[in-house]
Amino acid sequence: MSEAVLDIQSLRKTVHKGKNIVEDVSFKMHKGEILGLLGPNGAGKTTTIRMIVGLIKRSSGSVSINGTDMDEDSQTCKRQIGAIVENPAFYDYMSGWKNLQQHARMAIDPVSDERMQDIIKLVQLEDAIHDKVKKYSLGMKQRLGVAQALLHQPSILILDEPTNGLDPKGIRELRDYLRELADQGISTLVSSHLLSEMQLMCDRVVIMEKGRLIDETVIGELDQSDEQKVCIVAFQCRVDQIQEAKALIEADSEIELLHIEKEQTLVLKLHEATIPDVNKKFVEAGIDIYAIERKKTTLEEKFLSLTNTRNMTDIKEVQS
Ligand SMILES: Nc1ncnc2c1ncn2[C@@H]1O[C@H](COP(=O)(O)OP(=O)(O)OP(=O)(O)O)[C@@H](O)[C@H]1O
């Protein structure tokens, strides 16, 4: 694995009365990687990002960018970051091009027109770049914001909840240009509470809950099976037998009932090797099993299995 472009160690934010809203958060991001920071509302994603970009002070912990510690040389570090944390501000009465020019004038290093054209092309704003920003859709404004964040050629892009308010087309376009940036070696840290989006957009996801990191998942490895690995399996039985089936599973400490789907399917977390035994158990108890399906391990299921059923409400809330 290449050297980390972003290295976060033991980040903590303490607010009034000593409450930690972010605690012991450590993770790394590598060159050309799209890293997702995933968690339900209030998990501490924005606070973490605000500390990384220096919008708020860290209570403790360190942030290094390309091997440089933020506390030792914050100027150098910040020049390598392009970020959209709050909604970017634009002059609505000016064109996208003029807004970018205005922003470029404030950059430490000069930004050539050629560089601006390249970025505009990348975020697919060529056709509208000379229109007034007040005519832009939310997705177009967001793309202009990303273009603005990329003007000074950062190696890291940080986007807080970039899919908020975007329609499916906008989300797909965002995915496309983040991938193109990744191909050019730019790493992106993107936060979201949308599990399915993170699965499609990111190479790896770190999951936060209640201010802490609870897991790290490489997306490409989600579907890999492993005898020793816990997996999620759906057992479909008759609707009138679901309560008996549920009681049987609840009496077994080795199996965890995650939830019941469509009133007749038990979604269970168990070791793959025990699937035949569980099936036998049902048969011996006179419960007819109509289908057994090894479920694709989606990020949502992984999240569920990590945080147990107490998070069901959170997940339903964040998905609605
Ligand atoms: N200055 C503050 N003082 C006290 N509590 C705070 C402060 N800032 C944030 N919080 C609380 O810390 C928790 C984490 O907030 P944060 O905005 O970082 O979460 P988040 O994961 O980004 O959630 P969301 O998706 O809702 O923005 C929340 O419960 C929030 O209310």
# chains A, B, ... in the order shown; residues from 1 in each chain; ligands from 1

call {"tool": "closest_atom_pairs", "arguments": {"of": "chain A", "to": "ligand 1", "cutoff": "10 Å", "atoms": "only C-alpha atoms and all ligand atoms", "output": "CSV"}}
result
residue,atom,partner,partner_atom_place_in_ligand_line,distance
A:Lys13,CA,ligand 1,7 (C),9.0
A:Thr14,CA,ligand 1,3 (N),8.3
A:Val15,CA,ligand 1,3 (N),5.2
A:His16,CA,ligand 1,3 (N),6.6
A:Lys17,CA,ligand 1,4 (C),9.4
A:Gly18,CA,ligand 1,4 (C),10.0
A:Lys19,CA,ligand 1,4 (C),7.8
A:Asn20,CA,ligand 1,12 (O),8.1
A:Ile21,CA,ligand 1,12 (O),4.8
A:Val22,CA,ligand 1,14 (C),7.3
A:Leu37,CA,ligand 1,21 (O),8.9
A:Leu38,CA,ligand 1,21 (O),8.0
A:Gly39,CA,ligand 1,21 (O),6.0
A:Pro40,CA,ligand 1,21 (O),6.1
A:Asn41,CA,ligand 1,26 (O),3.5
A:Gly42,CA,ligand 1,19 (O),3.4
A:Ala43,CA,ligand 1,21 (O),3.6
A:Gly44,CA,ligand 1,18 (O),3.2
A:Lys45,CA,ligand 1,21 (O),3.8
A:Thr46,CA,ligand 1,22 (O),3.6
A:Thr47,CA,ligand 1,18 (O),3.7
A:Thr48,CA,ligand 1,18 (O),6.4
A:Ile49,CA,ligand 1,18 (O),8.0
A:Arg50,CA,ligand 1,18 (O),8.3
A:Met51,CA,ligand 1,18 (O),9.9
A:Ile56,CA,ligand 1,1 (N),9.4
A:Asp160,CA,ligand 1,22 (O),8.0
A:Glu161,CA,ligand 1,25 (O),7.5
A:Ser191,CA,ligand 1,22 (O),8.0
A:Ser192,CA,ligand 1,25 (O),7.0
A:His193,CA,ligand 1,25 (O),6.3
A:Leu194,CA,ligand 1,25 (O),9.7
A:Met208,CA,ligand 1,21 (O),7.6
A:Glu209,CA,ligand 1,21 (O),8.0
A:Lys210,CA,ligand 1,14 (C),7.4
A:Gly211,CA,ligand 1,14 (C),6.6
A:Val318,CA,ligand 1,25 (O),9.0

call {"tool": "residues_around", "arguments": {"residues": "Leu144 of chain A", "least_positions_apart": "2", "cutoff": "10 Å", "atoms": "only C-alpha atoms", "output": "list of chain:residue names"}}
result
A:Pro88, A:Phe90, A:Gly96, A:Trp97, A:Asn99, A:Leu100, A:Ile119, A:Ile120, A:Val123, A:Gln124, A:Leu125, A:Ile129, A:Val133, A:Tyr136, A:Leu138, A:Gly139, A:Met140, A:Lys141, A:Gln142, A:Val146, A:Ala147, A:Gln148, A:Ala149, A:Leu150

call {"tool": "residues_around", "arguments": {"residues": "Leu189 of chain A", "least_positions_apart": "6", "cutoff": "6 Å", "atoms": "only C-alpha atoms", "output": "ChimeraX atom specification"}}
result
/A:35-36,158

call {"tool": "closest_residue", "arguments": {"among": "A:Arg79, A:Lys31, A:Lys280, A:Leu268", "to": "Asp203 of chain A", "atoms": "only C-alpha atoms"}}
result
A:Lys31

call {"tool": "closest_residue", "arguments": {"among": "A:Ile219, A:Asp288, A:Leu257, A:Ile34", "to": "Tyr177 of chain A", "atoms": "only C-alpha atoms"}}
result
A:Ile34

call {"tool": "select_by_dssp", "arguments": {"residues": "segment 162-215 of chain A", "states": "strand (DSSP E)", "output": "PyMOL selection string"}}
result
chain A and resi 187-192+204-209+212-215

call {"tool": "residues_around", "arguments": {"residues": "segment 244-256 of chain A", "least_positions_apart": "5", "cutoff": "8 Å", "atoms": "only C-alpha atoms", "output": "list in words"}}
result
Leu266, Leu268, Lys269, Leu270, Phe282 and Ile287 of chain A

call {"tool": "closest_residue", "arguments": {"among": "A:Ile232, A:Glu23, A:Pro162, A:Val218", "to": "Val85 of chain A", "atoms": "only C-alpha atoms"}}
result
A:Pro162

call {"tool": "closest_atom_pairs", "arguments": {"of": "segment 119-194 of chain A", "to": "segment 58-71 of chain A", "cutoff": "12 Å", "atoms": "only C-alpha atoms", "output": "Markdown table"}}
result
| residue | atom | partner | partner_atom | distance |
| --- | --- | --- | --- | --- |
| A:Pro154 | CA | A:Ile65 | CA | 10.9 |
| A:Ser155 | CA | A:Asn66 | CA | 8.9 |
| A:Ile156 | CA | A:Ile65 | CA | 8.7 |
| A:Leu157 | CA | A:Ile65 | CA | 11.8 |
| A:Ser187 | CA | A:Asn66 | CA | 11.3 |

call {"tool": "closest_residue", "arguments": {"among": "A:Gln102, A:Ser112, A:Ser95, A:Asn164", "to": "Asp131 of chain A", "atoms": "only C-alpha atoms"}}
result
A:Ser95

call {"tool": "atom_distance", "arguments": {"atom1": "atom CA of Ala104 of chain A", "atom2": "atom CA of Leu151 of chain A"}}
result
6.8 Å

call {"tool": "residues_around", "arguments": {"residues": "Gly32 of chain A", "least_positions_apart": "6", "cutoff": "9 Å", "atoms": "only C-alpha atoms", "output": "NGL selection string"}}
result
:A and (155-156 or 179 or 181-188)

call {"tool": "write_last_selection", "arguments": {"atoms": "N, CA and C atoms", "output": "CSV table (one decimal), in the first residue's frame"}}
result
chain,number,residue,atom,x,y,z
A,155,SER,N,-3.8,17.8,-3.4
A,155,SER,CA,-3.7,16.3,-3.6
A,155,SER,C,-4.9,15.6,-2.9
A,156,ILE,N,-5.6,16.4,-2.0
A,156,ILE,CA,-6.7,15.8,-1.3
A,156,ILE,C,-7.9,16.6,-1.4
A,179,ARG,N,-14.1,9.5,-9.5
A,179,ARG,CA,-13.3,8.4,-10.0
A,179,ARG,C,-12.2,8.9,-10.9
A,181,LEU,N,-10.8,11.9,-10.8
A,181,LEU,CA,-9.8,12.5,-10.0
A,181,LEU,C,-8.9,11.5,-9.4
A,182,ALA,N,-9.5,10.4,-8.9
A,182,ALA,CA,-8.8,9.3,-8.3
A,182,ALA,C,-7.8,8.7,-9.3
A,183,ASP,N,-8.2,8.6,-10.6
A,183,ASP,CA,-7.3,8.1,-11.6
A,183,ASP,C,-6.1,9.1,-11.8
A,184,GLN,N,-6.4,10.3,-11.5
A,184,GLN,CA,-5.3,11.3,-11.7
A,184,GLN,C,-4.4,11.4,-10.4
A,185,GLY,N,-4.7,10.6,-9.4
A,185,GLY,CA,-3.9,10.5,-8.2
A,185,GLY,C,-4.4,11.4,-7.1
A,186,ILE,N,-5.6,12.0,-7.3
A,186,ILE,CA,-6.2,12.9,-6.2
A,186,ILE,C,-7.0,12.0,-5.3
A,187,SER,N,-6.8,12.1,-4.0
A,187,SER,CA,-7.6,11.3,-3.1
A,187,SER,C,-8.7,12.1,-2.5
A,188,THR,N,-9.9,11.4,-2.4
A,188,THR,CA,-11.1,12.1,-1.9
A,188,THR,C,-11.6,11.5,-0.6
